[in-house]
Structure formats: C-alpha cells, structure tokens
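Below is protein_11.txt, holding compact mmCIF, C-alpha atoms.
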# COMPACT_ATOMS: atom_id res chain seq x y z
CA MET A 1051 -149.78 -34.16 -1.15
CA ALA A 1052 -149.29 -36.03 2.11
CA LYS A 1053 -146.52 -38.60 2.29
CA TYR A 1054 -146.94 -41.91 4.13
CA ARG A 1055 -144.52 -44.66 5.06
CA MET A 1056 -146.15 -48.01 5.82
CA ILE A 1057 -144.00 -50.29 7.99
CA ARG A 1058 -144.74 -53.99 8.31
CA THR A 1059 -145.46 -55.20 11.84
CA ASN A 1060 -143.07 -58.12 11.45
CA LEU A 1061 -140.28 -55.55 11.77
CA TRP A 1062 -140.47 -56.23 15.50
CA ASN A 1063 -140.06 -59.97 14.93
CA ASN A 1064 -136.67 -59.42 13.37
CA PRO A 1065 -134.15 -61.06 15.79
CA ILE A 1066 -131.75 -58.15 15.39
CA VAL A 1067 -134.42 -55.60 16.31
CA GLU A 1068 -136.05 -57.71 19.01
CA GLU A 1069 -132.99 -59.14 20.79
CA GLU A 1070 -129.90 -57.06 19.97
CA MET A 1071 -130.99 -53.45 19.57
CA MET A 1072 -131.22 -51.17 22.54
CA PRO A 1073 -134.15 -48.74 22.82
CA GLU A 1074 -132.12 -45.86 21.35
CA GLU A 1075 -131.19 -48.00 18.35
CA LYS A 1076 -134.81 -49.03 17.71
CA TYR A 1077 -135.81 -45.39 17.81
CA PHE A 1078 -133.00 -44.55 15.39
CA TYR A 1079 -134.04 -47.34 12.98
CA LEU A 1080 -137.68 -46.20 12.96
CA TYR A 1081 -136.50 -42.68 12.19
CA LEU A 1082 -134.46 -43.92 9.23
CA LEU A 1083 -137.52 -45.74 7.87
CA THR A 1084 -140.08 -42.97 8.37
CA ASN A 1085 -138.41 -39.53 8.43
CA PRO A 1086 -139.66 -36.86 5.99
CA ARG A 1087 -136.61 -37.21 3.71
CA THR A 1088 -137.30 -40.86 2.87
CA THR A 1089 -138.21 -41.74 -0.70
CA GLN A 1090 -140.10 -44.51 -2.48
CA ILE A 1091 -136.85 -46.28 -3.35
CA GLY A 1092 -135.20 -46.45 0.11
CA ILE A 1093 -132.34 -44.14 -0.88
CA TYR A 1094 -132.37 -40.51 0.15
CA ARG A 1095 -130.10 -37.58 0.98
CA ILE A 1096 -129.62 -36.67 4.62
CA THR A 1097 -126.78 -35.30 6.76
CA ILE A 1098 -125.52 -36.26 10.19
CA LYS A 1099 -126.47 -32.82 11.51
CA GLN A 1100 -130.04 -33.17 10.22
CA ILE A 1101 -130.43 -36.52 11.99
CA ALA A 1102 -128.97 -35.16 15.21
CA PHE A 1103 -131.28 -32.13 15.13
CA SER A 1104 -134.41 -34.22 14.46
CA LEU A 1105 -133.66 -36.83 17.15
CA GLY A 1106 -132.20 -34.43 19.70
CA PHE A 1107 -129.00 -36.50 19.91
CA PRO A 1108 -125.43 -35.13 19.97
CA ILE A 1109 -123.62 -35.39 16.62
CA ASP A 1110 -121.06 -37.79 18.08
CA SER A 1111 -123.90 -40.06 19.20
CA VAL A 1112 -125.42 -40.09 15.72
CA LYS A 1113 -122.04 -40.98 14.20
CA LEU A 1114 -121.78 -43.85 16.68
CA LEU A 1115 -125.23 -45.10 15.74
CA MET A 1116 -124.41 -44.86 12.04
CA ASP A 1117 -121.30 -46.99 12.54
CA ARG A 1118 -123.36 -49.56 14.46
CA PHE A 1119 -125.93 -49.86 11.68
CA ILE A 1120 -123.34 -49.91 8.88
CA TYR A 1121 -120.71 -52.27 10.28
CA HIS A 1122 -122.38 -54.24 13.08
CA TYR A 1123 -126.02 -54.69 12.03
CA LYS A 1124 -125.27 -54.12 8.29
CA LEU A 1125 -128.69 -52.60 7.74
CA ILE A 1126 -127.69 -49.36 5.99
CA ARG A 1127 -124.99 -47.82 3.80
CA TYR A 1128 -124.00 -44.19 3.71
CA ASN A 1129 -121.95 -42.23 1.20
CA PRO A 1130 -120.52 -39.19 3.04
CA GLU A 1131 -119.57 -37.53 -0.25
CA THR A 1132 -123.02 -37.59 -1.85
CA ARG A 1133 -124.83 -37.53 1.56
CA GLU A 1134 -126.94 -40.48 0.39
CA LEU A 1135 -128.24 -43.14 2.77
CA ALA A 1136 -129.60 -46.52 1.65
CA ILE A 1137 -131.67 -48.94 3.73
CA LYS A 1138 -130.95 -52.59 2.98
CA ASN A 1139 -134.36 -54.05 3.90
CA TRP A 1140 -136.42 -51.24 2.42
CA GLY A 1141 -138.22 -53.69 0.14
CA LYS A 1142 -139.09 -55.92 3.12
CA GLU A 1143 -139.93 -53.34 5.76
CA ASN A 1144 -142.06 -51.19 3.41
CA GLN A 1145 -144.95 -52.27 1.23
CA LEU A 1146 -143.74 -51.69 -2.33
CA LYS A 1147 -146.69 -52.14 -4.69
CA GLY A 1148 -146.59 -52.19 -8.46
CA GLY A 1149 -148.62 -50.25 -10.99
CA LYS A 1150 -147.70 -47.53 -13.43
CA PRO A 1151 -147.86 -44.56 -11.00
CA VAL A 1152 -145.59 -46.34 -8.53
CA MET A 1153 -143.19 -47.50 -11.25
CA ASP A 1154 -142.98 -43.97 -12.67
CA CYS A 1155 -142.22 -42.57 -9.21
CA ILE A 1156 -139.52 -45.20 -8.62
CA THR A 1157 -137.97 -44.49 -12.04
CA LYS A 1158 -137.87 -40.76 -11.36
CA GLU A 1159 -136.23 -41.19 -7.95
CA LEU A 1160 -133.71 -43.76 -9.20
CA LYS A 1161 -132.51 -41.26 -11.83
CA GLU A 1162 -131.63 -38.80 -9.06
CA VAL A 1163 -129.32 -41.25 -7.21
CA ASN A 1164 -125.65 -40.38 -7.58
CA ASP A 1165 -124.13 -43.49 -5.98
CA ILE A 1166 -125.36 -46.31 -8.21
CA SER A 1167 -123.99 -49.00 -5.89
CA LEU A 1168 -126.66 -48.03 -3.35
CA ILE A 1169 -129.33 -49.02 -5.88
CA GLN A 1170 -127.81 -52.50 -6.18
CA TYR A 1171 -127.58 -52.69 -2.36
CA VAL A 1172 -131.31 -52.01 -1.87
CA SER A 1173 -132.46 -54.15 -4.82
CA GLU A 1174 -131.14 -57.34 -3.23
CA SER A 1175 -133.94 -57.34 -0.62
CA ILE A 1176 -136.85 -56.51 -2.95
CA ASP A 1177 -139.27 -59.40 -3.40
CA ARG A 1178 -141.39 -58.10 -6.33
CA GLN A 1179 -139.53 -59.10 -9.46
CA GLU A 1180 -140.76 -56.25 -11.67
CA ILE A 1181 -139.57 -53.62 -9.18
CA ARG A 1182 -136.31 -55.46 -8.64
CA ASN A 1183 -135.68 -55.57 -12.43
CA LEU A 1184 -136.22 -51.80 -12.56
CA TYR A 1185 -133.57 -51.28 -9.87
CA GLU A 1186 -131.12 -53.60 -11.63
CA SER A 1187 -131.57 -51.76 -14.93
CA PHE A 1188 -130.05 -48.67 -13.31
CA CYS A 1189 -127.18 -50.66 -11.84
CA LYS A 1190 -125.90 -51.53 -15.34
CA SER A 1191 -125.50 -47.87 -16.27
CA GLY A 1192 -122.52 -47.34 -14.01
CA ASN A 1193 -121.05 -47.73 -10.56
CA SER A 1194 -119.72 -44.74 -8.70
CA PHE A 1195 -119.11 -46.67 -5.51
CA ASN A 1196 -116.92 -49.75 -5.30
CA LYS A 1197 -119.08 -52.54 -3.81
CA GLU A 1198 -116.08 -54.82 -3.19
CA GLU A 1199 -114.35 -52.06 -1.28
CA CYS A 1200 -117.44 -51.54 0.86
CA ASP A 1201 -117.74 -55.26 1.61
CA GLU A 1202 -114.07 -55.35 2.54
CA ASN A 1203 -114.56 -52.44 4.95
CA GLU A 1204 -117.46 -54.29 6.57
CA GLU A 1205 -115.34 -57.43 6.98
CA HIS A 1206 -112.53 -55.50 8.61
CA ALA A 1207 -114.94 -53.54 10.78
CA CYS A 1208 -115.04 -54.16 14.49
CA GLN A 1209 -116.68 -57.51 15.17
CA GLY A 1210 -116.86 -60.10 17.93
CA PRO A 1211 -118.03 -59.93 21.51
CA GLU A 1212 -115.35 -57.45 22.59
CA CYS A 1213 -116.41 -54.99 19.89
CA ASN A 1214 -120.10 -55.49 20.67
CA GLU A 1215 -119.50 -54.76 24.34
CA SER A 1216 -117.46 -51.68 23.44
CA ASN A 1217 -120.11 -50.33 21.07
CA GLU A 1218 -122.94 -51.03 23.50
CA ALA A 1219 -120.99 -49.37 26.29
CA SER A 1220 -120.31 -46.35 24.09
CA LEU A 1221 -123.95 -46.07 23.10
CA TYR A 1222 -124.99 -46.41 26.72
CA LEU A 1223 -122.49 -43.73 27.66
CA PHE A 1224 -123.88 -41.23 25.19
CA THR A 1225 -127.42 -41.73 26.48
CA ILE A 1226 -126.18 -41.28 30.03
CA ARG A 1227 -124.25 -38.25 28.85
CA GLY A 1228 -127.46 -36.68 27.62
CA GLU A 1229 -129.09 -37.21 31.01
CA LYS A 1230 -126.02 -35.78 32.76
CA GLU A 1231 -126.11 -32.72 30.51
CA LYS A 1232 -129.75 -32.12 31.47
CA GLN A 1233 -128.87 -32.58 35.16
CA LYS A 1234 -125.95 -30.17 34.84
CA GLU A 1235 -128.24 -27.63 33.20
CA LYS A 1236 -130.71 -27.90 36.11
CA GLU A 1237 -127.89 -27.54 38.66
CA LYS A 1238 -126.55 -24.54 36.78
CA GLN A 1239 -129.97 -22.89 36.91
CA LYS A 1240 -130.17 -23.54 40.66
CA GLU A 1241 -126.70 -22.03 41.18
CA ASN A 1242 -127.63 -18.96 39.15
CA LYS A 1243 -130.80 -18.53 41.19
CA LYS A 1244 -128.83 -18.90 44.44
CA GLU A 1245 -126.24 -16.34 43.30
CA LYS A 1246 -129.00 -13.84 42.47
CA GLN A 1247 -130.54 -14.32 45.90
CA GLN A 1248 -127.17 -13.80 47.60
CA GLN A 1249 -126.50 -10.72 45.51
CA LYS A 1250 -129.90 -9.29 46.41
CA GLN A 1251 -129.30 -10.02 50.08
CA GLN A 1252 -125.94 -8.25 49.96
CA GLU A 1253 -127.58 -5.21 48.41
CA LEU A 1254 -130.20 -5.07 51.17
CA SER A 1255 -127.80 -5.73 54.07
CA PRO A 1256 -124.79 -3.56 55.06
CA ASN A 1257 -121.37 -4.59 53.89
CA LEU A 1258 -119.57 -5.76 57.03
CA GLU A 1259 -116.14 -5.49 55.45
CA ASN A 1260 -116.60 -1.76 54.82
CA ASP A 1261 -118.46 -1.10 58.07
CA PRO A 1262 -116.31 0.97 60.49
CA ASN A 1263 -118.26 -0.46 63.44
CA ARG A 1264 -117.59 -4.04 62.42
CA GLU A 1265 -115.15 -4.71 65.27
CA GLU A 1266 -117.54 -3.23 67.82
CA GLN A 1267 -120.42 -5.27 66.42
CA SER A 1268 -118.35 -8.44 66.63
CA LYS A 1269 -117.59 -7.73 70.30
CA ILE A 1270 -121.27 -7.22 71.04
CA GLU A 1271 -122.23 -10.43 69.22
CA ASN A 1272 -119.61 -12.43 71.13
CA HIS A 1273 -120.76 -10.94 74.42
CA VAL A 1274 -124.38 -11.90 73.66
CA LYS A 1275 -123.32 -15.45 72.82
CA LEU A 1276 -121.34 -15.81 76.03
CA GLN A 1277 -124.16 -14.36 78.09
CA LYS A 1278 -126.71 -16.72 76.56
CA SER A 1279 -124.36 -19.64 77.18
CA LYS A 1280 -124.11 -18.65 80.85
CA HIS A 1281 -127.89 -18.36 81.12
CA VAL A 1282 -128.29 -21.86 79.68
CA LYS A 1283 -125.76 -23.21 82.17
CA ASP A 1284 -127.54 -21.60 85.17
CA ILE A 1285 -130.95 -22.97 84.19
CA VAL A 1286 -129.66 -26.49 83.48
CA GLU A 1287 -127.79 -26.59 86.80
CA PHE A 1288 -130.90 -25.51 88.73
CA TRP A 1289 -132.96 -28.15 86.88
CA ASP A 1290 -130.47 -30.94 87.57
CA ASN A 1291 -129.79 -30.00 91.19
CA ASN A 1292 -133.44 -29.70 92.25
CA GLY A 1293 -134.85 -33.02 91.17
CA PHE A 1294 -136.48 -32.13 87.84
CA GLY A 1295 -134.72 -35.02 86.11
CA VAL A 1296 -131.10 -35.01 84.94
CA SER A 1297 -131.77 -37.42 82.06
CA ASN A 1298 -134.87 -35.59 80.80
CA ILE A 1299 -132.99 -33.82 78.01
CA HIS A 1300 -136.06 -33.14 75.86
CA ALA A 1301 -137.78 -31.26 78.72
CA LYS A 1302 -134.68 -29.15 79.30
CA GLU A 1303 -134.49 -28.28 75.61
CA GLN A 1304 -138.15 -27.20 75.63
CA LEU A 1305 -137.61 -25.04 78.70
CA LEU A 1306 -134.51 -23.37 77.23
CA LEU A 1307 -136.60 -22.21 74.26
CA TRP A 1308 -138.13 -19.66 76.65
CA LEU A 1309 -134.79 -17.83 76.69
CA ASP A 1310 -135.75 -16.55 73.24
CA GLU A 1311 -139.11 -15.27 74.49
CA GLN A 1312 -138.96 -11.56 73.71
CA SER A 1313 -141.92 -10.68 75.93
CA PHE A 1314 -139.79 -11.07 79.08
CA SER A 1315 -137.15 -8.42 79.70
CA GLN A 1316 -135.06 -10.88 81.76
CA PRO A 1317 -135.92 -14.38 80.49
CA LYS A 1318 -133.33 -16.22 82.58
CA ASP A 1319 -134.41 -14.68 85.89
CA VAL A 1320 -138.09 -15.27 85.09
CA ILE A 1321 -137.44 -18.94 84.26
CA LEU A 1322 -135.46 -19.46 87.47
CA LYS A 1323 -138.31 -17.80 89.41
CA ALA A 1324 -140.81 -20.24 87.86
CA LEU A 1325 -138.54 -23.16 88.76
CA GLU A 1326 -138.35 -21.96 92.39
CA ILE A 1327 -142.14 -21.78 92.63
CA SER A 1328 -142.41 -25.29 91.17
CA CYS A 1329 -140.03 -26.60 93.81
CA ALA A 1330 -141.92 -24.80 96.59
CA ASN A 1331 -145.16 -26.43 95.46
CA ASN A 1332 -143.43 -29.78 94.90
CA LYS A 1333 -144.47 -29.75 91.22
CA ARG A 1334 -141.23 -30.61 89.47
CA ARG A 1335 -142.65 -31.01 85.96
CA LEU A 1336 -142.06 -29.16 82.71
CA ASN A 1337 -145.75 -28.53 82.00
CA TYR A 1338 -146.17 -26.93 85.45
CA VAL A 1339 -143.23 -24.58 84.89
CA VAL A 1340 -144.43 -23.69 81.40
CA GLY A 1341 -147.92 -23.06 82.78
CA ILE A 1342 -146.51 -20.52 85.24
CA LEU A 1343 -144.57 -18.77 82.46
CA LYS A 1344 -147.64 -18.59 80.23
CA ASN A 1345 -149.77 -17.14 83.04
CA TRP A 1346 -147.16 -14.42 83.68
CA LYS A 1347 -146.97 -13.63 80.00
CA ASN A 1348 -150.77 -13.40 79.62
CA SER A 1349 -150.95 -11.23 82.76
CA SER A 1350 -148.19 -8.92 81.44
CA LEU A 1351 -145.93 -9.78 84.38
CA LEU A 1352 -142.75 -9.55 82.36
CA THR A 1353 -140.08 -8.91 85.00
CA VAL A 1354 -139.12 -10.56 88.27
CA GLU A 1355 -139.92 -7.27 90.08
CA ALA A 1356 -143.44 -7.21 88.67
CA ILE A 1357 -143.95 -10.87 89.55
CA GLU A 1358 -142.77 -10.39 93.14
CA ALA A 1359 -144.91 -7.25 93.53
CA GLU A 1360 -147.94 -9.21 92.41
CA GLU A 1361 -147.09 -11.96 94.92
CA ARG A 1362 -146.86 -9.39 97.77
CA ASN A 1363 -150.19 -7.93 96.76
CA GLU A 1364 -151.82 -11.36 96.77
CA ARG A 1365 -150.37 -12.15 100.22
CA HIS A 1366 -151.64 -8.84 101.56
CA VAL A 1367 -155.14 -9.48 100.27
CA ARG A 1368 -155.19 -12.96 101.78
CA SER A 1369 -153.88 -11.67 105.12
CA LYS A 1370 -156.49 -8.93 105.26
CA GLN A 1371 -159.28 -11.35 104.53
CA SER A 1372 -158.14 -13.72 107.29
CA THR A 1373 -157.93 -10.99 110.02
CA GLU A 1374 -161.42 -9.57 109.50
CA ALA A 1375 -163.72 -10.64 112.49
CA THR A 1376 -166.95 -12.37 111.77
CA PRO A 1377 -169.81 -11.28 114.18
CA ALA A 1378 -171.45 -14.05 116.29
CA GLY A 1379 -175.24 -14.60 116.27
CA ARG A 1380 -177.72 -12.54 114.38
CA ALA A 1381 -176.69 -9.09 113.14
CA ILE A 1382 -178.62 -6.06 114.54
CA PRO A 1383 -180.40 -4.11 111.81
CA SER A 1384 -179.17 -0.59 111.22
CA GLY A 1385 -181.31 2.22 112.74
CA PHE A 1386 -182.52 0.06 115.61
CA THR A 1387 -182.14 1.48 119.21
CA LEU A 1388 -182.18 -0.88 122.16
CA ASP A 1389 -184.38 0.29 125.06
CA ILE A 1390 -184.25 -2.03 128.08
CA THR A 1391 -187.13 -0.20 129.91
CA ALA A 1392 -189.53 -0.60 127.05
CA GLY A 1393 -192.83 -2.20 128.09
CA GLU A 1394 -192.60 -1.43 131.84
CA ASP A 1395 -194.99 1.58 131.88
CA GLY A 1396 -198.55 0.59 132.69
CA TYR A 1397 -197.80 -2.16 135.09

Final structure tokens representation of the file:
Amino acid sequence: MAKYRMIRTNLWNNPIVEEEMMPEEKYFYLYLLTNPRTTQIGIYRITIKQIAFSLGFPIDSVKLLMDRFIYHYKLIRYNPETRELAIKNWGKENQLKGGKPVMDCITKELKEVNDISLIQYVSESIDRQEIRNLYESFCKSGNSFNKEECDENEEHACQGPECNESNEASLYLFTIRGEKEKQKEKEKQKENKKEKQQQKQQELSPNLENDPNREEQSKIENHVKLQKSKHVKDIVEFWDNNGFGVSNIHAKEQLLLWLDEQSFSQPKDVILKALEISCANNKRRLNYVVGILKNWKNSSLLTVEAIEAEERNERHVRSKQSTEATPAGRAIPSGFTLDITAGEDGY
C-alpha cells in the first residue's frame, strides 16, 4: 500500500521557515516531514547515517542540522539511544483526520514508541481533541525520558545573536565544503588525466636521461637556436636600415614567420633576396615582399641560386627579343624571284 504525507501549504508562512531558515534547512525540514520512515504519529526511528545517505550530506553536517532544529528552532527532539525522532508540529503540518481506521493505526504506532516523553512532546501541538486524548493516554503509562532535563538542556543550549551567527556560519561552511569537495574531485580527475597523457608521451618518446647522445643533441639544439637568432637579427636590421618602417613591429613579425617555411632550403637568404628586390623596385611594403616569396614558392624556386638563375634566363630572353631586327616595308613572299628585265621583250 502506498504511503502519503500531506503537508499544509501554510508551512511556508511560518516565520521561522520563511525568514530564518536557509535553503539547506528548509530542505532538511521537508525531508523530516516526508521521508519514507515517517509514521502517522510524527515519531519514527531513523539514524544520522540514514539521513546523511538520503540527503547526500556529510554526517557532520547532519549532526549540525539536528542541533539547529533541536536547540535553536526547537522543532524536533531526538533520542540517540532509541534512535527515535519526534516532530513538534506534526499535528499542525500534517492533516490528522479521525475515524476508526486512523485511530487504530495511531494506537498501533504509539505502542511501538520506546521514549514516552516524545509522545507528550508531539501531543502538545495536536488540535483534534480525540487524537490528542489518545496520545495523552499513553503518556500516563510511563516516562522513559526526563522532560525537565530536556527543557533544561534547551535553555542552556547556545542562544543569542552570537550563537546564531556561529551556527549559520557553520552551516554555510558545510555547504561550501560540499562544493569544494566536488571541485577537488574534478581537479583530481584532470590531474590523473594529465599524468596519463604525460606517461603515454614518455613511452612514445626516447628517454633523454638515458640517451647517450643527449649531450650531442643539446649542442645541436643550442646551435640551431643561436643560428635562428642570428637570422632574425639580419632580417630585422635589413628591414630597419632600408626604409621598410622601424616601428612597424607587426609587419616584421609576419615576415619572420617565413623563417619557418620548410619549402625553402635557405629561408634567411631567400627573404633577404626578396627584400633587395623590393628596394630595387621601390616597393617597401610587407605584402609586396610576401608576394615575391609566394611566387617563388609556387614556381619551385626554393634557393637563391635557382632564383638568380631564373633572373638571368629572363634577362637573356628580354635581351634577345630587343636585338632582333624588324624588316622595313612589306615583306617579300618566299619563292619569289626578282627579274628586273621582265616585260622588256616585245618592245
């Protein structure tokens, strides 16, 4: 048979719930009123661990919430020996109806309560007289929990604004702690993933510490770095000294990217050659220099020697074309023989 717990909507009009409770506390209170272990009488057995597991809160956080509801809000009582929890306003927050089936169910559940003082505690907020009388009839049978002692503990419990601020700060800290734990878990997963990637990379790449050629490799790497630095210096000096624009840093950076162009066997010399041509044509612009480099690349002119050979070939072709004579007047058709005496016979 399905079990239902009907909560009155005026629960949210309660000043304690509406103005004092933080979101975590409202969630905790709703759980206490509606969890599967609740009974018809507002007294039921539950452990701190069970609450923590159901809500997903740390056990220390649940203990803190329990103290808040017992000593600050005074809305519940809990007997740690019998593991019984009683809700003070059960008769107000839930719709307790009369009738024989309901009264029989209440009687059966009241018989199972070990701490009789919890019955008296809940009965004080019940409005229906017949149900309240049934609760009080069980209170006369005995009292395993000293009510005066409990009231005294509540009076000596932490009260006042300083205590409220401390409790609220503690509750806030445990919620933040939960978020931090989730964040730490995510960071831990990222670190594990990063370590796996590094381990895989080490397996695929040679171990430099155990490599006998490590020192030689280091020398080669340093030499390459120094050589590239010198190449950069030569290109920048040519750029600055030949009117391309000393302050045009962005253009220089774009031009230096061509040092990494693997198509050219001697990138520095090719770049300087392009700069010289730009100066000769009085076209001191980055796009003009880059255009020359792209044309050489597309034409597979990848060395300075090949570029200069192509230039000599072009000059030779132009020179040959300029020296060829162009005949004056009309051209004489091939196969025609000039005879100056033609037409004189017969006269």

**Q.** Residues near A:Lys1323, cut-off 12 Å, all atoms listed in the file, skip fewer than 2 positions along chain, as a PyMOL selection string
**A.** chain A and resi 1285+1288-1289+1316-1321+1325-1330+1339-1340+1342-1343+1346+1352-1358+1361

Q: Calculate how many Å separate atom CA of A:Leu1336 from atom CA of A:Leu1305, rounding to one decimal.
A: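 Distance reported for this atom pair: 7.3 Å.
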
Q: Point out the residue among A:Thr1089, A:Asn1291, A:Gln1239, A:Ser1104 with the least atom-to-atom distance to A:Tyr1077, counting all atoms listed in the file.
A: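 Ranked by minimum distance to A:Tyr1077, first place goes to A:Ser1104.
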
**Q.** Length of the atom CA of A:Leu1306 to atom CA of A:Asn1331 vector [Å]
**A.** 21.3 Å

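Note that the spacing between atom CA of A:Asn1060 and atom CA of A:Arg1087 amounts to 23.2 Å.
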
Q. Neighbours of A:Ile1109 within 9 Å (all atoms listed in the file; same-chain residues fewer than 5 positions away dropped), as an MDAnalysis selection string?
A. chainID A and resid 1098:1099 1101:1103 1114

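With all atoms listed in the file as the atoms that count, the residue of A:Glu1303, A:Glu1075, A:Glu1237, A:Asp1290 with the shortest distance to A:Phe1119 is A:Glu1075.
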
Q. Pick the closest to A:Ile1096 from A:Asp1165, A:Glu1134, A:Glu1311, A:Glu1241: which is it, counting all atoms listed in the file?
A. A:Glu1134

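Closest approach to A:Met1116 among A:Tyr1185, A:Tyr1094, A:Phe1078, A:Phe1294: A:Phe1078, based on all atoms listed in the file.
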
Q: Would you please work out which residue, of A:Glu1287, A:Glu1235, A:Glu1159, A:Asp1310, is nearest to A:Thr1088 when using all atoms listed in the file?
A: A:Glu1159

Completion of stretch 1058-1067 of chain A up to all heavy atoms, as a PDB file, in the coordinates of the input:
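Result written to out_38.pdb:
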ATOM      1  N   ARG A1058    -144.157 -52.682   7.962  1.00  0.00           N
ATOM      2  CA  ARG A1058    -144.740 -53.990   8.310  1.00  0.00           C
ATOM      3  C   ARG A1058    -144.545 -54.282   9.799  1.00  0.00           C
ATOM      4  O   ARG A1058    -143.499 -53.972  10.370  1.00  0.00           O
ATOM      5  CB  ARG A1058    -144.091 -55.104   7.483  1.00  0.00           C
ATOM      6  CG  ARG A1058    -144.319 -54.970   5.990  1.00  0.00           C
ATOM      7  CD  ARG A1058    -143.668 -56.125   5.249  1.00  0.00           C
ATOM      8  NE  ARG A1058    -143.792 -55.972   3.819  1.00  0.00           N
ATOM      9  CZ  ARG A1058    -144.839 -56.409   3.096  1.00  0.00           C
ATOM     10  NH1 ARG A1058    -145.830 -57.029   3.725  1.00  0.00           N
ATOM     11  NH2 ARG A1058    -144.881 -56.226   1.795  1.00  0.00           N
ATOM     12  N   THR A1059    -145.540 -54.896  10.394  1.00  0.00           N
ATOM     13  CA  THR A1059    -145.460 -55.200  11.840  1.00  0.00           C
ATOM     14  C   THR A1059    -144.416 -56.267  12.149  1.00  0.00           C
ATOM     15  O   THR A1059    -143.929 -56.334  13.285  1.00  0.00           O
ATOM     16  CB  THR A1059    -146.825 -55.670  12.356  1.00  0.00           C
ATOM     17  OG1 THR A1059    -147.257 -56.819  11.614  1.00  0.00           O
ATOM     18  CG2 THR A1059    -147.868 -54.562  12.233  1.00  0.00           C
ATOM     19  N   ASN A1060    -144.072 -57.089  11.169  1.00  0.00           N
ATOM     20  CA  ASN A1060    -143.070 -58.120  11.450  1.00  0.00           C
ATOM     21  C   ASN A1060    -141.656 -57.543  11.586  1.00  0.00           C
ATOM     22  O   ASN A1060    -140.699 -58.274  11.814  1.00  0.00           O
ATOM     23  CB  ASN A1060    -143.084 -59.209  10.361  1.00  0.00           C
ATOM     24  CG  ASN A1060    -142.776 -58.649   8.965  1.00  0.00           C
ATOM     25  OD1 ASN A1060    -142.421 -57.482   8.818  1.00  0.00           O
ATOM     26  ND2 ASN A1060    -142.934 -59.481   7.952  1.00  0.00           N
ATOM     27  N   LEU A1061    -141.556 -56.207  11.469  1.00  0.00           N
ATOM     28  CA  LEU A1061    -140.280 -55.550  11.770  1.00  0.00           C
ATOM     29  C   LEU A1061    -139.831 -55.902  13.178  1.00  0.00           C
ATOM     30  O   LEU A1061    -138.645 -56.133  13.441  1.00  0.00           O
ATOM     31  CB  LEU A1061    -140.426 -54.031  11.613  1.00  0.00           C
ATOM     32  CG  LEU A1061    -139.307 -53.179  12.223  1.00  0.00           C
ATOM     33  CD1 LEU A1061    -138.045 -53.310  11.391  1.00  0.00           C
ATOM     34  CD2 LEU A1061    -139.733 -51.717  12.299  1.00  0.00           C
ATOM     35  N   TRP A1062    -140.797 -55.977  14.099  1.00  0.00           N
ATOM     36  CA  TRP A1062    -140.470 -56.230  15.500  1.00  0.00           C
ATOM     37  C   TRP A1062    -140.162 -57.700  15.769  1.00  0.00           C
ATOM     38  O   TRP A1062    -139.712 -58.039  16.853  1.00  0.00           O
ATOM     39  CB  TRP A1062    -141.626 -55.770  16.399  1.00  0.00           C
ATOM     40  CG  TRP A1062    -141.926 -54.331  16.202  1.00  0.00           C
ATOM     41  CD1 TRP A1062    -142.978 -53.785  15.539  1.00  0.00           C
ATOM     42  CD2 TRP A1062    -141.128 -53.228  16.641  1.00  0.00           C
ATOM     43  NE1 TRP A1062    -142.902 -52.421  15.549  1.00  0.00           N
ATOM     44  CE2 TRP A1062    -141.783 -52.044  16.224  1.00  0.00           C
ATOM     45  CE3 TRP A1062    -139.934 -53.108  17.364  1.00  0.00           C
ATOM     46  CZ2 TRP A1062    -141.268 -50.770  16.490  1.00  0.00           C
ATOM     47  CZ3 TRP A1062    -139.435 -51.849  17.629  1.00  0.00           C
ATOM     48  CH2 TRP A1062    -140.091 -50.699  17.201  1.00  0.00           C
ATOM     49  N   ASN A1063    -140.419 -58.555  14.790  1.00  0.00           N
ATOM     50  CA  ASN A1063    -140.060 -59.970  14.930  1.00  0.00           C
ATOM     51  C   ASN A1063    -138.651 -60.262  14.442  1.00  0.00           C
ATOM     52  O   ASN A1063    -138.151 -61.378  14.602  1.00  0.00           O
ATOM     53  CB  ASN A1063    -141.051 -60.846  14.159  1.00  0.00           C
ATOM     54  CG  ASN A1063    -142.467 -60.744  14.715  1.00  0.00           C
ATOM     55  OD1 ASN A1063    -142.638 -60.533  15.917  1.00  0.00           O
ATOM     56  ND2 ASN A1063    -143.470 -60.881  13.861  1.00  0.00           N
ATOM     57  N   ASN A1064    -138.038 -59.262  13.839  1.00  0.00           N
ATOM     58  CA  ASN A1064    -136.670 -59.420  13.370  1.00  0.00           C
ATOM     59  C   ASN A1064    -135.761 -59.663  14.585  1.00  0.00           C
ATOM     60  O   ASN A1064    -135.755 -58.857  15.527  1.00  0.00           O
ATOM     61  CB  ASN A1064    -136.232 -58.162  12.618  1.00  0.00           C
ATOM     62  CG  ASN A1064    -134.868 -58.325  11.966  1.00  0.00           C
ATOM     63  OD1 ASN A1064    -133.991 -59.009  12.481  1.00  0.00           O
ATOM     64  ND2 ASN A1064    -134.699 -57.676  10.819  1.00  0.00           N
ATOM     65  N   PRO A1065    -134.999 -60.761  14.620  1.00  0.00           N
ATOM     66  CA  PRO A1065    -134.150 -61.060  15.790  1.00  0.00           C
ATOM     67  C   PRO A1065    -133.189 -59.935  16.139  1.00  0.00           C
ATOM     68  O   PRO A1065    -132.902 -59.700  17.325  1.00  0.00           O
ATOM     69  CB  PRO A1065    -133.403 -62.318  15.370  1.00  0.00           C
ATOM     70  CG  PRO A1065    -134.264 -62.953  14.335  1.00  0.00           C
ATOM     71  CD  PRO A1065    -134.914 -61.818  13.599  1.00  0.00           C
ATOM     72  N   ILE A1066    -132.687 -59.244  15.119  1.00  0.00           N
ATOM     73  CA  ILE A1066    -131.750 -58.150  15.390  1.00  0.00           C
ATOM     74  C   ILE A1066    -132.461 -57.034  16.149  1.00  0.00           C
ATOM     75  O   ILE A1066    -131.957 -56.510  17.140  1.00  0.00           O
ATOM     76  CB  ILE A1066    -131.168 -57.613  14.069  1.00  0.00           C
ATOM     77  CG1 ILE A1066    -130.317 -58.691  13.401  1.00  0.00           C
ATOM     78  CG2 ILE A1066    -130.332 -56.361  14.322  1.00  0.00           C
ATOM     79  CD1 ILE A1066    -129.744 -58.273  12.065  1.00  0.00           C
ATOM     80  N   VAL A1067    -133.664 -56.682  15.680  1.00  0.00           N
ATOM     81  CA  VAL A1067    -134.420 -55.600  16.310  1.00  0.00           C
ATOM     82  C   VAL A1067    -134.910 -56.026  17.690  1.00  0.00           C
ATOM     83  O   VAL A1067    -134.832 -55.273  18.667  1.00  0.00           O
ATOM     84  CB  VAL A1067    -135.614 -55.190  15.433  1.00  0.00           C
ATOM     85  CG1 VAL A1067    -136.454 -54.122  16.132  1.00  0.00           C
ATOM     86  CG2 VAL A1067    -135.122 -54.687  14.081  1.00  0.00           C
TER      87      VAL A1067
END
